[in-house]
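Trainee: Following this line is coords-v3.txt, made up of compact mmCIF, N, CA and C atoms:
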```
# COMPACT_ATOMS: atom_id res chain seq x y z
N MET A 6 26.91 0.04 -9.20
CA MET A 6 26.42 1.23 -9.88
C MET A 6 25.01 1.54 -9.36
N PRO A 7 24.69 2.80 -9.17
CA PRO A 7 23.37 3.17 -8.65
C PRO A 7 22.22 2.75 -9.58
N GLN A 8 21.12 2.40 -8.96
CA GLN A 8 19.92 1.99 -9.69
C GLN A 8 18.79 2.95 -9.34
N PHE A 9 17.87 3.12 -10.30
CA PHE A 9 16.81 4.09 -10.16
C PHE A 9 15.50 3.55 -10.73
N LEU A 10 14.42 3.89 -10.05
CA LEU A 10 13.08 3.67 -10.57
C LEU A 10 12.65 4.97 -11.24
N VAL A 11 12.28 4.89 -12.50
CA VAL A 11 11.83 6.05 -13.26
C VAL A 11 10.37 5.85 -13.60
N LEU A 12 9.52 6.76 -13.12
CA LEU A 12 8.10 6.74 -13.43
C LEU A 12 7.81 8.01 -14.23
N ALA A 13 7.44 7.84 -15.48
CA ALA A 13 7.22 8.98 -16.37
C ALA A 13 5.76 8.97 -16.80
N TYR A 14 5.07 10.06 -16.53
CA TYR A 14 3.64 10.16 -16.79
C TYR A 14 3.38 11.01 -18.02
N ASP A 15 2.54 10.51 -18.91
CA ASP A 15 2.26 11.19 -20.16
C ASP A 15 1.37 12.41 -19.97
N TYR A 16 1.46 13.32 -20.93
CA TYR A 16 0.49 14.41 -21.02
C TYR A 16 -0.90 13.79 -21.21
N THR A 17 -1.92 14.54 -20.88
CA THR A 17 -3.29 14.01 -20.96
C THR A 17 -4.15 14.76 -21.97
N ASP A 18 -3.56 15.63 -22.76
CA ASP A 18 -4.33 16.37 -23.76
C ASP A 18 -4.79 15.43 -24.88
N ALA A 19 -5.67 15.92 -25.73
CA ALA A 19 -6.27 15.10 -26.78
C ALA A 19 -5.26 14.54 -27.77
N ASP A 20 -4.12 15.22 -27.95
CA ASP A 20 -3.11 14.77 -28.92
C ASP A 20 -2.01 13.90 -28.30
N ALA A 21 -2.10 13.63 -27.01
CA ALA A 21 -1.03 12.91 -26.32
C ALA A 21 -0.79 11.52 -26.90
N GLY A 22 -1.85 10.78 -27.16
CA GLY A 22 -1.70 9.44 -27.71
C GLY A 22 -1.05 9.45 -29.08
N ALA A 23 -1.41 10.40 -29.90
CA ALA A 23 -0.82 10.51 -31.24
C ALA A 23 0.66 10.85 -31.15
N ARG A 24 1.04 11.73 -30.22
CA ARG A 24 2.46 12.06 -30.04
C ARG A 24 3.23 10.82 -29.60
N ARG A 25 2.67 10.07 -28.65
CA ARG A 25 3.34 8.85 -28.17
C ARG A 25 3.56 7.90 -29.34
N ALA A 26 2.52 7.67 -30.13
CA ALA A 26 2.63 6.75 -31.27
C ALA A 26 3.67 7.23 -32.28
N ALA A 27 3.71 8.53 -32.53
CA ALA A 27 4.66 9.07 -33.50
C ALA A 27 6.11 8.97 -33.04
N VAL A 28 6.33 9.15 -31.74
CA VAL A 28 7.70 9.17 -31.20
C VAL A 28 8.19 7.78 -30.81
N ARG A 29 7.28 6.83 -30.64
CA ARG A 29 7.64 5.49 -30.14
C ARG A 29 8.78 4.83 -30.92
N PRO A 30 8.78 4.81 -32.25
CA PRO A 30 9.90 4.16 -32.94
C PRO A 30 11.26 4.76 -32.60
N THR A 31 11.34 6.07 -32.49
CA THR A 31 12.60 6.73 -32.12
C THR A 31 12.95 6.42 -30.67
N HIS A 32 11.96 6.43 -29.79
CA HIS A 32 12.16 6.08 -28.38
C HIS A 32 12.78 4.69 -28.27
N LEU A 33 12.20 3.71 -28.96
CA LEU A 33 12.71 2.34 -28.87
C LEU A 33 14.10 2.21 -29.50
N GLU A 34 14.32 2.88 -30.60
CA GLU A 34 15.63 2.82 -31.25
C GLU A 34 16.72 3.41 -30.35
N LYS A 35 16.42 4.52 -29.68
CA LYS A 35 17.39 5.15 -28.78
C LYS A 35 17.61 4.33 -27.51
N LEU A 36 16.63 3.49 -27.14
CA LEU A 36 16.80 2.64 -25.97
C LEU A 36 17.74 1.45 -26.23
N LYS A 37 17.83 1.03 -27.49
CA LYS A 37 18.63 -0.17 -27.81
C LYS A 37 20.05 -0.12 -27.27
N PRO A 38 20.82 0.96 -27.51
CA PRO A 38 22.18 0.97 -26.94
C PRO A 38 22.19 1.01 -25.42
N MET A 39 21.16 1.64 -24.82
CA MET A 39 21.07 1.66 -23.36
C MET A 39 20.83 0.25 -22.81
N ILE A 40 20.02 -0.50 -23.52
CA ILE A 40 19.76 -1.90 -23.13
C ILE A 40 21.03 -2.72 -23.29
N GLU A 41 21.71 -2.56 -24.43
CA GLU A 41 22.92 -3.33 -24.72
C GLU A 41 24.02 -3.10 -23.69
N LYS A 42 24.13 -1.87 -23.18
CA LYS A 42 25.18 -1.62 -22.18
C LYS A 42 24.71 -1.88 -20.75
N GLY A 43 23.47 -2.34 -20.59
CA GLY A 43 22.98 -2.74 -19.28
C GLY A 43 22.39 -1.63 -18.45
N ALA A 44 22.13 -0.46 -19.05
CA ALA A 44 21.57 0.65 -18.29
C ALA A 44 20.08 0.49 -18.02
N VAL A 45 19.38 -0.20 -18.92
CA VAL A 45 17.94 -0.45 -18.74
C VAL A 45 17.78 -1.88 -18.25
N LEU A 46 17.37 -2.03 -17.00
CA LEU A 46 17.19 -3.37 -16.45
C LEU A 46 15.83 -3.95 -16.84
N THR A 47 14.82 -3.10 -16.85
CA THR A 47 13.48 -3.49 -17.29
C THR A 47 12.68 -2.23 -17.56
N ALA A 48 11.67 -2.35 -18.40
CA ALA A 48 10.87 -1.17 -18.75
C ALA A 48 9.54 -1.61 -19.33
N GLY A 49 8.56 -0.72 -19.24
CA GLY A 49 7.27 -1.00 -19.84
C GLY A 49 6.34 0.18 -19.70
N GLY A 50 5.20 0.07 -20.34
CA GLY A 50 4.20 1.12 -20.28
C GLY A 50 3.34 1.00 -19.05
N ILE A 51 3.03 2.14 -18.45
CA ILE A 51 2.06 2.20 -17.35
C ILE A 51 0.68 2.28 -17.99
N LEU A 52 -0.23 1.41 -17.57
CA LEU A 52 -1.58 1.38 -18.13
C LEU A 52 -2.56 2.12 -17.24
N ASP A 53 -3.64 2.59 -17.84
CA ASP A 53 -4.72 3.19 -17.06
C ASP A 53 -5.40 2.10 -16.22
N ASP A 54 -6.32 2.50 -15.36
CA ASP A 54 -6.96 1.55 -14.45
C ASP A 54 -7.72 0.44 -15.18
N ALA A 55 -8.19 0.72 -16.38
CA ALA A 55 -8.90 -0.29 -17.17
C ALA A 55 -7.93 -1.25 -17.86
N GLY A 56 -6.65 -0.89 -17.87
CA GLY A 56 -5.64 -1.73 -18.50
C GLY A 56 -5.68 -1.68 -20.02
N THR A 57 -6.21 -0.60 -20.57
CA THR A 57 -6.39 -0.53 -22.02
C THR A 57 -5.58 0.56 -22.71
N LYS A 58 -5.08 1.53 -21.95
CA LYS A 58 -4.40 2.68 -22.56
C LYS A 58 -3.10 2.95 -21.82
N VAL A 59 -2.03 3.18 -22.58
CA VAL A 59 -0.74 3.53 -21.97
C VAL A 59 -0.79 4.99 -21.55
N VAL A 60 -0.47 5.23 -20.29
CA VAL A 60 -0.52 6.59 -19.73
C VAL A 60 0.84 7.05 -19.20
N GLY A 61 1.85 6.24 -19.43
CA GLY A 61 3.18 6.59 -18.95
C GLY A 61 4.15 5.44 -19.15
N SER A 62 5.31 5.57 -18.55
CA SER A 62 6.37 4.58 -18.68
C SER A 62 7.00 4.33 -17.32
N ALA A 63 7.41 3.08 -17.10
CA ALA A 63 8.14 2.71 -15.89
C ALA A 63 9.43 2.02 -16.32
N LEU A 64 10.54 2.48 -15.76
CA LEU A 64 11.83 1.90 -16.09
C LEU A 64 12.63 1.69 -14.82
N ILE A 65 13.38 0.64 -14.79
CA ILE A 65 14.40 0.46 -13.76
C ILE A 65 15.73 0.57 -14.49
N MET A 66 16.51 1.57 -14.07
CA MET A 66 17.75 1.93 -14.75
C MET A 66 18.94 1.74 -13.81
N GLU A 67 20.08 1.46 -14.42
CA GLU A 67 21.35 1.41 -13.69
C GLU A 67 22.29 2.36 -14.42
N MET A 68 22.62 3.45 -13.75
CA MET A 68 23.41 4.52 -14.35
C MET A 68 24.54 4.90 -13.40
N PRO A 69 25.59 5.54 -13.92
CA PRO A 69 26.70 5.94 -13.06
C PRO A 69 26.29 6.86 -11.91
N GLY A 70 25.24 7.67 -12.12
CA GLY A 70 24.78 8.57 -11.07
C GLY A 70 23.53 9.29 -11.49
N ARG A 71 23.00 10.09 -10.57
CA ARG A 71 21.76 10.81 -10.83
C ARG A 71 21.92 11.84 -11.95
N ALA A 72 23.07 12.49 -12.01
CA ALA A 72 23.28 13.50 -13.05
C ALA A 72 23.20 12.87 -14.44
N GLU A 73 23.77 11.69 -14.60
CA GLU A 73 23.72 11.00 -15.89
C GLU A 73 22.29 10.57 -16.22
N LEU A 74 21.56 10.12 -15.20
CA LEU A 74 20.17 9.74 -15.41
C LEU A 74 19.34 10.95 -15.80
N ASP A 75 19.52 12.06 -15.11
CA ASP A 75 18.77 13.28 -15.42
C ASP A 75 19.06 13.76 -16.84
N ALA A 76 20.32 13.66 -17.27
CA ALA A 76 20.68 14.05 -18.64
C ALA A 76 20.00 13.13 -19.65
N TRP A 77 19.96 11.84 -19.34
CA TRP A 77 19.29 10.89 -20.23
C TRP A 77 17.81 11.23 -20.34
N VAL A 78 17.15 11.48 -19.20
CA VAL A 78 15.72 11.81 -19.21
C VAL A 78 15.48 13.07 -20.05
N LYS A 79 16.29 14.07 -19.86
CA LYS A 79 16.13 15.34 -20.58
C LYS A 79 16.21 15.15 -22.09
N ASN A 80 17.08 14.25 -22.54
CA ASN A 80 17.31 14.04 -23.97
C ASN A 80 16.53 12.86 -24.55
N GLU A 81 15.75 12.17 -23.72
CA GLU A 81 14.97 11.02 -24.18
C GLU A 81 13.92 11.50 -25.18
N PRO A 82 13.70 10.76 -26.27
CA PRO A 82 12.71 11.19 -27.27
C PRO A 82 11.31 11.45 -26.69
N TYR A 83 10.89 10.71 -25.69
CA TYR A 83 9.58 10.97 -25.09
C TYR A 83 9.56 12.29 -24.32
N SER A 84 10.69 12.70 -23.78
CA SER A 84 10.77 14.02 -23.15
C SER A 84 10.80 15.10 -24.21
N GLN A 85 11.66 14.93 -25.20
CA GLN A 85 11.79 15.91 -26.27
C GLN A 85 10.51 16.04 -27.10
N GLY A 86 9.78 14.95 -27.24
CA GLY A 86 8.58 14.93 -28.07
C GLY A 86 7.28 15.22 -27.34
N ARG A 87 7.40 15.74 -26.13
CA ARG A 87 6.23 16.10 -25.32
C ARG A 87 5.27 14.93 -25.11
N VAL A 88 5.84 13.76 -24.88
CA VAL A 88 5.05 12.59 -24.48
C VAL A 88 5.00 12.55 -22.96
N TRP A 89 6.18 12.62 -22.33
CA TRP A 89 6.24 12.61 -20.87
C TRP A 89 6.05 14.02 -20.35
N GLU A 90 5.04 14.19 -19.50
CA GLU A 90 4.80 15.49 -18.87
C GLU A 90 5.54 15.62 -17.55
N ARG A 91 5.58 14.52 -16.80
CA ARG A 91 6.17 14.55 -15.46
C ARG A 91 6.95 13.27 -15.24
N VAL A 92 8.16 13.41 -14.72
CA VAL A 92 9.02 12.25 -14.47
C VAL A 92 9.43 12.25 -13.01
N GLU A 93 9.20 11.13 -12.35
CA GLU A 93 9.65 10.92 -10.97
C GLU A 93 10.80 9.94 -10.99
N VAL A 94 11.84 10.23 -10.23
CA VAL A 94 12.99 9.35 -10.13
C VAL A 94 13.22 9.04 -8.65
N LYS A 95 13.33 7.76 -8.36
CA LYS A 95 13.59 7.31 -6.99
C LYS A 95 14.82 6.41 -6.99
N PRO A 96 15.75 6.64 -6.06
CA PRO A 96 16.84 5.67 -5.92
C PRO A 96 16.25 4.31 -5.57
N LEU A 97 16.88 3.27 -6.07
CA LEU A 97 16.34 1.92 -5.91
C LEU A 97 17.48 0.96 -5.64
N HIS A 98 17.19 -0.07 -4.89
CA HIS A 98 18.15 -1.16 -4.69
C HIS A 98 17.51 -2.42 -5.22
N VAL A 99 17.98 -2.90 -6.36
CA VAL A 99 17.42 -4.10 -6.98
C VAL A 99 17.85 -5.31 -6.17
N VAL A 100 16.88 -6.13 -5.78
CA VAL A 100 17.14 -7.32 -4.97
C VAL A 100 17.07 -8.59 -5.81
N ILE A 101 16.18 -8.60 -6.80
CA ILE A 101 16.08 -9.75 -7.70
C ILE A 101 16.37 -9.24 -9.11
N ARG A 102 17.32 -9.90 -9.76
CA ARG A 102 17.73 -9.48 -11.10
C ARG A 102 17.91 -10.72 -11.97
N ASP A 103 17.27 -10.70 -13.12
CA ASP A 103 17.34 -11.85 -14.03
C ASP A 103 16.96 -13.16 -13.33
N GLY A 104 15.97 -13.07 -12.46
CA GLY A 104 15.48 -14.25 -11.76
C GLY A 104 16.38 -14.75 -10.64
N LYS A 105 17.36 -13.96 -10.27
CA LYS A 105 18.29 -14.37 -9.21
C LYS A 105 18.28 -13.37 -8.08
N LEU A 106 18.31 -13.90 -6.86
CA LEU A 106 18.38 -13.07 -5.67
C LEU A 106 19.77 -12.47 -5.56
N MET A 107 19.82 -11.14 -5.49
CA MET A 107 21.09 -10.43 -5.40
C MET A 107 21.32 -10.06 -3.93
N THR A 108 22.33 -10.60 -3.31
CA THR A 108 22.58 -10.28 -1.91
C THR A 108 23.95 -9.66 -1.73
```
So that I can check it, write out the structure of this file as structure tokens.

Mentor:
Amino acid sequence: MPQFLVLAYDYTDADAGARRAAVRPTHLEKLKPMIEKGAVLTAGGILDDAGTKVVGSALIMEMPGRAELDAWVKNEPYSQGRVWERVEVKPLHVVIRDGKLMT
């Protein structure tokens, strides 16, 4: 199944942090079934250069195809809630998974 690197960058306006905090519980709840079915291989917040503030999200996803990934991004609570301003998607080939070399 195709794998993708998703880099999602937050809005930078004064209310961006508050929106992220407000939407985070829904974002995490909606991720649970994606994690359970193996679509989310790993994920985390992108930090600013000081390492103190979350400024985006990074995910490695495994989805049936790009169209399904794009639909997921469009409907993701961080997209719907104006947390993510810009999302970059790159095809990816995972080489190490769960601590094992995949050849």

Trainee: Quick one, how far is atom N of Val100 of chain A from atom N of Met68 of chain A?

Mentor: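 Computing it gives 13.7 Å between the two atoms.
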
Trainee: List as a list in words: which residues have an atom within 7 Å of (5.6, 13.8, -16.5), counting only C-alpha atoms?

Mentor: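 The requested residues, written out, are Ala13, Tyr14, Asp15, Tyr16, Trp89, Glu90, Arg91 and Val92 of chain A.
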
Trainee: When distances are computed from all atoms listed in the file, which of A:Thr31, A:Thr17, A:Thr47, A:Thr108 shows the smallest separation from Tyr83 of chain A?

Mentor: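 Of all the options, A:Thr31 lies closest to Tyr83 of chain A.
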
Trainee: Which parts of chain A does DSSP call alpha helix (DSSP H) when run on the backbone here, written out as a PyMOL selection string?

Mentor: chain A and resi 21-41+71-80+82-85

Trainee: Have a look at atom CA of Pro7 of chain A and atom CA of Leu33 of chain A and let me know their distance in Å, one decimal.

Mentor: 22.9 Å

Trainee: Go through A:Lys95, A:Pro82, A:Glu67, A:Leu12 and flag the residue nearest Gly43 of chain A, using all atoms listed in the file for the distances.

Mentor: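 Checking each candidate against Gly43 of chain A, we get A:Glu67 as the closest.
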
Trainee: Rounded to one decimal place, report the atom CA of Thr57 of chain A-atom CA of Arg29 of chain A distance in Å.

Mentor: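 Between these atoms lies a distance of 17.3 Å.
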
Trainee: Of the candidates A:Val59, A:Gly22, A:Leu36, A:Lys42, which shows the shortest atom-to-atom distance to Glu81 of chain A, using only C-alpha atoms?

Mentor: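 For Glu81 of chain A, the nearest of the given residues is A:Leu36.
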
Trainee: Just asking: which residues within segment 22-94 of chain A are strand (DSSP E or B) according to DSSP, as an MDAnalysis selection string?

Mentor: chainID A and resid 45:52 59:67 89:94

Trainee: Could you check which of A:Ile101, A:Val78, A:Ala63, A:Val88 is closest to Lys35 of chain A, using only C-alpha atoms?

Mentor: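 Counting only C-alpha atoms, the residue closest to Lys35 of chain A is A:Val78.
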
Trainee: As AutoDock Vina command-line options, what would the box around segment 51-68 of chain A look like: edges along x, y and z, 5 Å added on every side, centre and edge lengths in Å to one decimal?

Mentor:
```
--center_x 7.8 --center_y 2.7 --center_z -18.1 --size_x 43.4 --size_y 18.8 --size_z 19.3
```

Trainee: Smallest atom-to-atom distance to Leu46 of chain A: which of A:Asp103, A:Asp20, A:Glu34, A:His98, using only N, CA and C atoms?

Mentor: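 So, comparing all the options, the nearest one is A:Asp103.
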
Trainee: Which is closest to Glu93 of chain A among A:Arg24, A:Val11, A:Met6, A:Ile51, if we use only N, CA and C atoms?

Mentor: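 With only N, CA and C atoms as the atom set, the closest residue is A:Val11.
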